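Since the structure comes first, as structure tokens, the remarks are kept for the end.
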Amino acid sequence: MALIDDPKTLPALLMRGQKMLGLDLGTKTIGLALSDTNWQIATALETIQRRKFSLDAAYLDALIIREKIGALVVGLPYNMDGSEGPRAQATRAFIHNYFARPQTEEQPPTHNIPAILWDERLSTQAVERTLIEADMSRAKRAKLIDKLAASYILQGYLDFLGNL
């Protein structure tokens with residue numbers, strides 16, 4: 001499958017009981033969050049360090065299988081004026097490359113799940129502001145920020161679905 005243009009159509013492509021995986025793709029880390037099987041609540045899962053693309057993709061493949069993921073919700077970092085800058089282009093390239101990998105016998109069939117790009121403007125800033133208000137130290141914030149941003153992105157999409 002690959003990218004879906006209309007975010008309203010994504011739930012129809014999933015089977016009941018499947019979760020959605022939220023991704024916040026940074027230059028050094030990837031924040032990950034999971035939805036529940038009713039697609040109502042996003043929970044921060046973890047932050048992984050970026051390595052080679054093939055290793056990052058293999059990690060996502062294993063997570064998709066282990067957690068019964070049916071779709072990806074990927075944060076797209078638009079500029080404040082709505083244009084796409086280098087980070088948005090890098091996100092699009094990562095997702096394109098993820099789905100364009102050749103299918104092999106030892107590789108699980110993770111190419112068949114749909115994905116959407118979801119506007120993530122200000123997600124990291126909103127999460128950081130909340131953590132600062134909670135009087136969390138800079139070091140603790142740094143450990144949590146990416147997975148919480150992924151959760152914020154995924155929750156934004158889940159709320160969108162709930163309002164349809």
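In the structure tokens, chains take the letters A, B, ... in the order shown, each chain's residues start at 1, and ligands count up from 1 in the order shown.
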Sorted by chain and rising residue number, which residues of stretch 29-88 of chain A lie within 8 Å of stretch 11-24 of chain A, and what are their closest atom pairs and distances in Å to one decimal, counting only C-alpha atoms, as CSV?
```
residue,atom,partner,partner_atom,distance
A:Ile30,CA,A:Asp24,CA,5.6
A:Gly31,CA,A:Asp24,CA,4.8
A:Leu32,CA,A:Leu23,CA,5.0
A:Ala33,CA,A:Gly22,CA,4.8
A:Leu34,CA,A:Leu21,CA,4.8
A:Ser35,CA,A:Met20,CA,5.2
A:Asp36,CA,A:Lys19,CA,5.8
A:Thr37,CA,A:Gly17,CA,4.9
A:Asn38,CA,A:Gly17,CA,7.3
A:Trp39,CA,A:Lys19,CA,7.0
A:Ile64,CA,A:Leu21,CA,7.9
A:Glu67,CA,A:Lys19,CA,7.3
A:Lys68,CA,A:Gln18,CA,5.6
A:Ile69,CA,A:Lys19,CA,4.7
A:Gly70,CA,A:Gln18,CA,5.1
A:Ala71,CA,A:Met20,CA,4.9
A:Leu72,CA,A:Leu21,CA,4.9
A:Val73,CA,A:Gly22,CA,4.7
A:Val74,CA,A:Leu23,CA,4.8
A:Gly75,CA,A:Asp24,CA,5.4
```
Residue among A:Arg92, A:Lys147, A:Lys28, A:Arg129 lying closest to A:Arg51, counting only C-alpha atoms: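 Of all the options, A:Lys28 lies closest to A:Arg51.
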Residue nearest A:Leu76 among A:Ile41, A:Ala93, A:Leu158, A:Leu148 (counting only C-alpha atoms): A:Ala93
Coordinates-based distance that separates atom CA of A:Asn112 from atom CA of A:Thr29 (Å, one decimal):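 Separation between atom CA of A:Thr29 and atom CA of A:Asn112: 24.5 Å.
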Selection: 12 Å around stretch 117-121 of chain A, only C-alpha atoms, excl. self and same-chain fewer than 3 positions, as number ranges by chain: A: 2-8, 10, 21-26, 71-84, 87-89, 91-96, 114, 124-127, 149-158, 160
